[in-house]
Amino acid sequence: MGSELDVMQQAVIDEVARRAEEALSHDASGHDWWHIQRVRHVALRLAELEGADRFVVELAALLHDVGDWKSQADGKDIGGRIAREWLTPLDVPLETIQHVAGIIEGLSFKGAGVATEMPTLEGKCVQDADRLDAIGAIGIGRAFAFGGSRGRAMHDPATAAVLHQSFDEYKQKSGATLHHFTEKLLLLKDRMQTESGRQWAERRHEFTREFYERFLAEWDSRDVG
Ligand code: ADP
Ligand code: NI
């Protein structure tokens, strides 16, 4: 598996990066170009450590949120289709296109009770990088940015978190952002797929858990005399 890109591959990466930046630059729900840049860098570090194909990893990282169901008016995920449409005219080998599209289609979290294991090493690197950006200080910021963008309350103690058993159920959720911690964010640490990803998730997970506990302590004024 090559770790260096050839001139043609670098030109494809540059063009896809340019278009992804254009497509995501106005996002204010935590899926902006900077999210893509962070996922790209972490995924490439994982690829290097794990010996994954760098070209596939970088393409999938760049394309993974263009066409994500959360940004589509009808809630349908068209990420795989967009990957095929963008990469085919750039003369990317069909096998690579299928691999990248498959990673994007399988990437998203789909509910607490829904397995989303990635069959390939390249997919594991991109999925772990995306999940690392959903926890820790930045992950917490993104969760509230996403909730705010959908008009959701920060917290609603009158309702309970739900561990969704299907993607449809998960997609339809509209509850307060704090429930998202129980429903997704605090579950991610145990779903990391690479050894380095698992290690890097530990500290971010601890920080996320502490934030969650403090939030509830402050909500109930348990932290003041
Ligand atoms: P995934 O593909 O696993 O959903 P993304 O990169 O698209 O991952 O990130 C989803 C981001 O949106 C996360 O940071 C997550 O915290 C945030 N988010 C906040 N509230 C919700 C929600 N109710 N449903 C889905 N995502 C949410
Ligand atoms: Ni993402």
# chains A, B, ... in the order shown; residues from 1 in each chain; ligands from 1
>>> select_by_dssp(residues="segment 13-52 of chain A", states="alpha helix (DSSP H)", output="PyMOL selection string")
chain A and resi 13-24+33-50
>>> write_last_selection(atoms="C-alpha atoms", output="tab-separated table (two decimals), in the first residue's frame")
chain	number	residue	atom	x	y	z
A	13	ILE	CA	-6.93	15.36	-3.85
A	14	ASP	CA	-6.44	19.09	-4.50
A	15	GLU	CA	-9.51	19.28	-6.74
A	16	VAL	CA	-11.73	17.29	-4.34
A	17	ALA	CA	-10.50	19.41	-1.39
A	18	ARG	CA	-11.32	22.60	-3.30
A	19	ARG	CA	-14.85	21.42	-4.06
A	20	ALA	CA	-15.49	20.07	-0.55
A	21	GLU	CA	-14.38	23.39	0.94
A	22	GLU	CA	-16.73	25.24	-1.39
A	23	ALA	CA	-19.62	22.91	-0.50
A	24	LEU	CA	-19.15	23.07	3.28
A	33	TRP	CA	-14.64	22.70	6.36
A	34	TRP	CA	-12.59	22.79	9.57
A	35	HIS	CA	-14.26	19.57	10.73
A	36	ILE	CA	-13.22	18.02	7.42
A	37	GLN	CA	-9.66	19.31	7.84
A	38	ARG	CA	-9.38	17.85	11.37
A	39	VAL	CA	-10.81	14.49	10.24
A	40	ARG	CA	-8.45	14.52	7.25
A	41	HIS	CA	-5.37	15.07	9.43
A	42	VAL	CA	-6.29	12.55	12.12
A	43	ALA	CA	-7.32	9.95	9.51
A	44	LEU	CA	-3.98	10.37	7.72
A	45	ARG	CA	-2.08	9.94	10.99
A	46	LEU	CA	-4.04	6.76	11.67
A	47	ALA	CA	-3.42	5.58	8.09
A	48	GLU	CA	0.30	6.01	8.57
A	49	LEU	CA	0.33	4.15	11.89
A	50	GLU	CA	-1.93	1.35	10.62
>>> residues_near_ligand(ligand="ligand 2", cutoff="8 Å", atoms="only C-alpha atoms and all ligand atoms", output="list in words")
His31, His35, Ile36, Val39, His64, Asp65, Ser108, Asp130, Arg131, Asp133 and Ala134 of chain A
>>> write_last_selection(atoms="all heavy atoms", output="short mmCIF file (atom, residue, chain, number, x, y, z; two decimals), in the first residue's frame")
data_model
loop_
_atom_site.label_atom_id
_atom_site.label_comp_id
_atom_site.auth_asym_id
_atom_site.auth_seq_id
_atom_site.Cartn_x
_atom_site.Cartn_y
_atom_site.Cartn_z
N HIS A 31 -20.41 20.77 10.82
CA HIS A 31 -19.93 19.97 9.68
C HIS A 31 -19.22 20.84 8.66
O HIS A 31 -19.31 20.63 7.46
CB HIS A 31 -21.09 19.23 9.03
CG HIS A 31 -21.74 18.27 9.94
ND1 HIS A 31 -22.69 18.62 10.84
CD2 HIS A 31 -21.52 16.95 10.12
CE1 HIS A 31 -23.06 17.57 11.53
NE2 HIS A 31 -22.36 16.54 11.13
N HIS A 35 -14.02 20.95 10.27
CA HIS A 35 -14.26 19.57 10.73
C HIS A 35 -13.60 18.61 9.74
O HIS A 35 -12.92 17.67 10.14
CB HIS A 35 -15.77 19.31 10.86
CG HIS A 35 -16.14 17.85 10.92
ND1 HIS A 35 -15.74 17.03 11.95
CD2 HIS A 35 -16.85 17.07 10.06
CE1 HIS A 35 -16.21 15.80 11.72
NE2 HIS A 35 -16.87 15.79 10.58
N ILE A 36 -13.80 18.89 8.45
CA ILE A 36 -13.22 18.02 7.42
C ILE A 36 -11.69 18.03 7.52
O ILE A 36 -11.03 16.99 7.45
CB ILE A 36 -13.64 18.49 6.00
CG1 ILE A 36 -15.16 18.59 5.89
CG2 ILE A 36 -13.06 17.57 4.91
CD1 ILE A 36 -15.92 17.34 6.25
N VAL A 39 -10.62 15.92 10.52
CA VAL A 39 -10.81 14.49 10.24
C VAL A 39 -9.74 14.02 9.26
O VAL A 39 -9.15 12.94 9.42
CB VAL A 39 -12.24 14.22 9.71
CG1 VAL A 39 -12.38 12.79 9.21
CG2 VAL A 39 -13.27 14.52 10.79
N HIS A 64 -16.52 12.87 3.18
CA HIS A 64 -17.44 12.12 4.03
C HIS A 64 -18.69 12.88 4.49
O HIS A 64 -19.70 12.25 4.79
CB HIS A 64 -16.71 11.51 5.23
CG HIS A 64 -16.58 12.42 6.42
ND1 HIS A 64 -15.56 13.31 6.57
CD2 HIS A 64 -17.38 12.58 7.50
CE1 HIS A 64 -15.72 13.97 7.69
NE2 HIS A 64 -16.81 13.56 8.28
N ASP A 65 -18.65 14.19 4.55
CA ASP A 65 -19.85 14.91 4.99
C ASP A 65 -20.52 15.73 3.89
O ASP A 65 -21.51 16.40 4.14
CB ASP A 65 -19.53 15.83 6.19
CG ASP A 65 -19.66 15.10 7.52
OD1 ASP A 65 -20.43 14.11 7.58
OD2 ASP A 65 -19.01 15.51 8.50
N SER A 108 -21.50 6.84 9.11
CA SER A 108 -22.27 7.54 10.15
C SER A 108 -22.70 6.65 11.30
O SER A 108 -23.01 5.48 11.11
CB SER A 108 -23.53 8.16 9.53
OG SER A 108 -23.25 9.45 9.10
N ASP A 130 -13.42 10.56 12.40
CA ASP A 130 -14.70 11.29 12.48
C ASP A 130 -15.25 11.22 13.90
O ASP A 130 -15.77 12.20 14.44
CB ASP A 130 -15.68 10.65 11.48
CG ASP A 130 -16.91 11.52 11.23
OD1 ASP A 130 -16.78 12.76 11.29
OD2 ASP A 130 -17.98 10.96 10.95
N ARG A 131 -15.11 10.07 14.54
CA ARG A 131 -15.65 9.89 15.89
C ARG A 131 -14.81 10.63 16.93
O ARG A 131 -15.36 11.12 17.92
CB ARG A 131 -15.77 8.40 16.19
CG ARG A 131 -16.85 7.83 15.31
CD ARG A 131 -17.16 6.39 15.50
NE ARG A 131 -18.42 6.11 14.78
CZ ARG A 131 -18.98 4.94 14.71
NH1 ARG A 131 -18.42 3.91 15.30
NH2 ARG A 131 -20.12 4.79 14.06
N ASP A 133 -13.56 13.44 16.47
CA ASP A 133 -13.97 14.84 16.37
C ASP A 133 -15.37 15.08 16.95
O ASP A 133 -15.83 16.20 17.04
CB ASP A 133 -13.94 15.31 14.90
CG ASP A 133 -13.65 16.82 14.79
OD1 ASP A 133 -12.64 17.27 15.37
OD2 ASP A 133 -14.44 17.53 14.16
N ALA A 134 -16.04 13.99 17.34
CA ALA A 134 -17.37 14.12 17.94
C ALA A 134 -17.29 14.12 19.46
O ALA A 134 -18.29 14.33 20.14
CB ALA A 134 -18.27 12.98 17.46
#
>>> residues_near_ligand(ligand="ligand 1", cutoff="9 Å", atoms="only C-alpha atoms and all ligand atoms", output="PDB file with C-alpha atoms, in the first residue's frame")
ATOM      1  CA  SER A  29     -23.850  22.879  12.388  1.00  0.00           C
ATOM      2  CA  GLY A  30     -20.399  21.472  13.161  1.00  0.00           C
ATOM      3  CA  HIS A  31     -19.928  19.966   9.685  1.00  0.00           C
ATOM      4  CA  HIS A  35     -14.259  19.571  10.731  1.00  0.00           C
ATOM      5  CA  ILE A  36     -13.216  18.020   7.419  1.00  0.00           C
ATOM      6  CA  VAL A  39     -10.808  14.492  10.245  1.00  0.00           C
ATOM      7  CA  HIS A  64     -17.445  12.119   4.029  1.00  0.00           C
ATOM      8  CA  ASP A  65     -19.850  14.914   4.995  1.00  0.00           C
ATOM      9  CA  ASP A  68     -24.552  13.516   4.641  1.00  0.00           C
ATOM     10  CA  TRP A  69     -28.214  12.849   5.565  1.00  0.00           C
ATOM     11  CA  LYS A  70     -28.124  15.558   8.245  1.00  0.00           C
ATOM     12  CA  SER A  71     -27.502  18.255   5.636  1.00  0.00           C
ATOM     13  CA  ILE A 104     -18.859   7.077   3.157  1.00  0.00           C
ATOM     14  CA  LEU A 107     -19.515   5.855   8.165  1.00  0.00           C
ATOM     15  CA  SER A 108     -22.267   7.541  10.146  1.00  0.00           C
ATOM     16  CA  PHE A 109     -23.400   6.653  13.619  1.00  0.00           C
ATOM     17  CA  LYS A 110     -26.883   5.123  13.202  1.00  0.00           C
ATOM     18  CA  GLN A 127     -14.508   6.402  10.975  1.00  0.00           C
ATOM     19  CA  ASP A 130     -14.701  11.290  12.477  1.00  0.00           C
ATOM     20  CA  ARG A 131     -15.647   9.889  15.885  1.00  0.00           C
ATOM     21  CA  ASP A 133     -13.971  14.844  16.369  1.00  0.00           C
ATOM     22  CA  ALA A 134     -17.375  14.121  17.941  1.00  0.00           C
ATOM     23  CA  ILE A 135     -15.936  13.854  21.493  1.00  0.00           C
ATOM     24  CA  ILE A 138     -14.436  20.155  20.054  1.00  0.00           C
ATOM     25  CA  GLY A 139     -16.998  17.370  20.015  1.00  0.00           C
ATOM     26  CA  ILE A 140     -18.908  19.067  22.844  1.00  0.00           C
ATOM     27  CA  GLY A 141     -18.821  22.373  20.944  1.00  0.00           C
ATOM     28  CA  ARG A 142     -20.049  20.660  17.784  1.00  0.00           C
ATOM     29  CA  ALA A 143     -22.919  18.921  19.579  1.00  0.00           C
ATOM     30  CA  PHE A 144     -24.311  22.228  20.877  1.00  0.00           C
ATOM     31  CA  ALA A 145     -23.666  23.956  17.539  1.00  0.00           C
ATOM     32  CA  PHE A 146     -25.645  21.198  15.801  1.00  0.00           C
ATOM     33  CA  GLY A 147     -28.461  21.381  18.376  1.00  0.00           C
ATOM     34  CA  GLY A 148     -28.595  25.185  18.055  1.00  0.00           C
ATOM     35  CA  ARG A 150     -31.871  22.785  14.631  1.00  0.00           C
ATOM     36  CA  ARG A 152     -33.050  22.299  20.016  1.00  0.00           C
ATOM     37  CA  TYR A 170     -32.235   7.705  15.384  1.00  0.00           C
ATOM     38  CA  LYS A 171     -32.785   9.995  12.381  1.00  0.00           C
ATOM     39  CA  GLN A 172     -36.133  11.139  13.712  1.00  0.00           C
ATOM     40  CA  LYS A 173     -34.880  12.111  17.140  1.00  0.00           C
ATOM     41  CA  SER A 174     -35.402  15.747  17.978  1.00  0.00           C
ATOM     42  CA  GLY A 175     -34.605  15.871  21.676  1.00  0.00           C
ATOM     43  CA  ALA A 176     -32.364  18.141  23.709  1.00  0.00           C
ATOM     44  CA  THR A 177     -28.647  18.122  22.980  1.00  0.00           C
ATOM     45  CA  LEU A 178     -27.600  16.806  26.395  1.00  0.00           C
ATOM     46  CA  HIS A 179     -29.408  13.520  25.634  1.00  0.00           C
ATOM     47  CA  HIS A 180     -27.119  13.173  22.616  1.00  0.00           C
ATOM     48  CA  PHE A 181     -24.284  12.507  25.084  1.00  0.00           C
ATOM     49  CA  GLU A 183     -27.392   8.416  22.987  1.00  0.00           C
ATOM     50  CA  LYS A 184     -24.114   8.700  21.088  1.00  0.00           C
ATOM     51  CA  LEU A 185     -21.105  10.644  22.349  1.00  0.00           C
TER      52      LEU A 185
END
>>> closest_residue(among="A:Glu95, A:Asp220, A:Glu213, A:Asp128", to="Glu195 of chain A", atoms="only C-alpha atoms")
A:Asp128
>>> residues_around(residues="Asp53 of chain A", least_positions_apart="3", cutoff="12 Å", atoms="only C-alpha atoms", output="list of chain:residue names")
A:Met1, A:Gly2, A:Ser3, A:Glu4, A:Leu5, A:Ala43, A:Leu44, A:Arg45, A:Leu46, A:Ala47, A:Glu48, A:Leu49, A:Glu50, A:Val56, A:Val57, A:Glu58, A:Leu59, A:Ala60, A:Thr96, A:His99, A:Val100, A:Thr120, A:Leu121, A:Glu122, A:Gly123, A:Lys124, A:Cys125, A:Val126
>>> atom_distance(atom1="atom CA of Ala115 of chain A", atom2="atom CA of Trp200 of chain A")
21.2 Å
>>> atom_distance(atom1="atom CA of Tyr212 of chain A", atom2="atom CA of Val114 of chain A")
23.2 Å
>>> decode(residues="segment 89-152 of chain A", atoms="C-alpha atoms", output="PDB file, in the first residue's frame")
ATOM      1  CA  PRO A  89     -14.651  12.309 -14.364  1.00  0.00           C
ATOM      2  CA  LEU A  90     -11.339  12.735 -12.516  1.00  0.00           C
ATOM      3  CA  ASP A  91     -10.247   9.314 -13.831  1.00  0.00           C
ATOM      4  CA  VAL A  92      -9.938   7.713 -10.423  1.00  0.00           C
ATOM      5  CA  PRO A  93      -9.820   3.885 -10.794  1.00  0.00           C
ATOM      6  CA  LEU A  94     -13.262   2.290 -10.375  1.00  0.00           C
ATOM      7  CA  GLU A  95     -12.036   0.067  -7.543  1.00  0.00           C
ATOM      8  CA  THR A  96     -10.906   3.146  -5.584  1.00  0.00           C
ATOM      9  CA  ILE A  97     -14.211   4.940  -6.240  1.00  0.00           C
ATOM     10  CA  GLN A  98     -16.207   1.934  -4.989  1.00  0.00           C
ATOM     11  CA  HIS A  99     -14.030   1.700  -1.899  1.00  0.00           C
ATOM     12  CA  VAL A 100     -14.376   5.415  -1.071  1.00  0.00           C
ATOM     13  CA  ALA A 101     -18.158   5.408  -1.706  1.00  0.00           C
ATOM     14  CA  GLY A 102     -18.555   2.302   0.464  1.00  0.00           C
ATOM     15  CA  ILE A 103     -16.681   3.958   3.341  1.00  0.00           C
ATOM     16  CA  ILE A 104     -18.859   7.077   3.157  1.00  0.00           C
ATOM     17  CA  GLU A 105     -22.071   5.033   3.048  1.00  0.00           C
ATOM     18  CA  GLY A 106     -21.081   3.057   6.139  1.00  0.00           C
ATOM     19  CA  LEU A 107     -19.515   5.855   8.165  1.00  0.00           C
ATOM     20  CA  SER A 108     -22.267   7.541  10.146  1.00  0.00           C
ATOM     21  CA  PHE A 109     -23.400   6.653  13.619  1.00  0.00           C
ATOM     22  CA  LYS A 110     -26.883   5.123  13.202  1.00  0.00           C
ATOM     23  CA  GLY A 111     -28.152   4.662  16.752  1.00  0.00           C
ATOM     24  CA  ALA A 112     -26.953   3.091  20.015  1.00  0.00           C
ATOM     25  CA  GLY A 113     -28.281  -0.346  19.048  1.00  0.00           C
ATOM     26  CA  VAL A 114     -27.087  -0.331  15.429  1.00  0.00           C
ATOM     27  CA  ALA A 115     -23.670  -1.810  14.554  1.00  0.00           C
ATOM     28  CA  THR A 116     -21.572   0.250  12.111  1.00  0.00           C
ATOM     29  CA  GLU A 117     -18.375  -1.740  11.796  1.00  0.00           C
ATOM     30  CA  MET A 118     -16.143  -0.903   8.881  1.00  0.00           C
ATOM     31  CA  PRO A 119     -14.919  -3.826   6.755  1.00  0.00           C
ATOM     32  CA  THR A 120     -11.663  -2.221   5.549  1.00  0.00           C
ATOM     33  CA  LEU A 121      -8.661  -0.729   7.339  1.00  0.00           C
ATOM     34  CA  GLU A 122      -9.098   2.526   5.377  1.00  0.00           C
ATOM     35  CA  GLY A 123     -12.726   2.777   6.546  1.00  0.00           C
ATOM     36  CA  LYS A 124     -11.687   2.162  10.148  1.00  0.00           C
ATOM     37  CA  CYS A 125      -9.174   5.052   9.977  1.00  0.00           C
ATOM     38  CA  VAL A 126     -11.744   7.527   8.616  1.00  0.00           C
ATOM     39  CA  GLN A 127     -14.508   6.402  10.975  1.00  0.00           C
ATOM     40  CA  ASP A 128     -12.245   6.640  14.026  1.00  0.00           C
ATOM     41  CA  ALA A 129     -11.089  10.129  12.965  1.00  0.00           C
ATOM     42  CA  ASP A 130     -14.701  11.290  12.477  1.00  0.00           C
ATOM     43  CA  ARG A 131     -15.647   9.889  15.885  1.00  0.00           C
ATOM     44  CA  LEU A 132     -12.677  11.484  17.623  1.00  0.00           C
ATOM     45  CA  ASP A 133     -13.971  14.844  16.369  1.00  0.00           C
ATOM     46  CA  ALA A 134     -17.375  14.121  17.941  1.00  0.00           C
ATOM     47  CA  ILE A 135     -15.936  13.854  21.493  1.00  0.00           C
ATOM     48  CA  GLY A 136     -13.613  15.987  23.646  1.00  0.00           C
ATOM     49  CA  ALA A 137     -13.754  19.801  23.765  1.00  0.00           C
ATOM     50  CA  ILE A 138     -14.436  20.155  20.054  1.00  0.00           C
ATOM     51  CA  GLY A 139     -16.998  17.370  20.015  1.00  0.00           C
ATOM     52  CA  ILE A 140     -18.908  19.067  22.844  1.00  0.00           C
ATOM     53  CA  GLY A 141     -18.821  22.373  20.944  1.00  0.00           C
ATOM     54  CA  ARG A 142     -20.049  20.660  17.784  1.00  0.00           C
ATOM     55  CA  ALA A 143     -22.919  18.921  19.579  1.00  0.00           C
ATOM     56  CA  PHE A 144     -24.311  22.228  20.877  1.00  0.00           C
ATOM     57  CA  ALA A 145     -23.666  23.956  17.539  1.00  0.00           C
ATOM     58  CA  PHE A 146     -25.645  21.198  15.801  1.00  0.00           C
ATOM     59  CA  GLY A 147     -28.461  21.381  18.376  1.00  0.00           C
ATOM     60  CA  GLY A 148     -28.595  25.185  18.055  1.00  0.00           C
ATOM     61  CA  SER A 149     -28.728  24.951  14.265  1.00  0.00           C
ATOM     62  CA  ARG A 150     -31.871  22.785  14.631  1.00  0.00           C
ATOM     63  CA  GLY A 151     -33.471  24.953  17.325  1.00  0.00           C
ATOM     64  CA  ARG A 152     -33.050  22.299  20.016  1.00  0.00           C
TER      65      ARG A 152
END
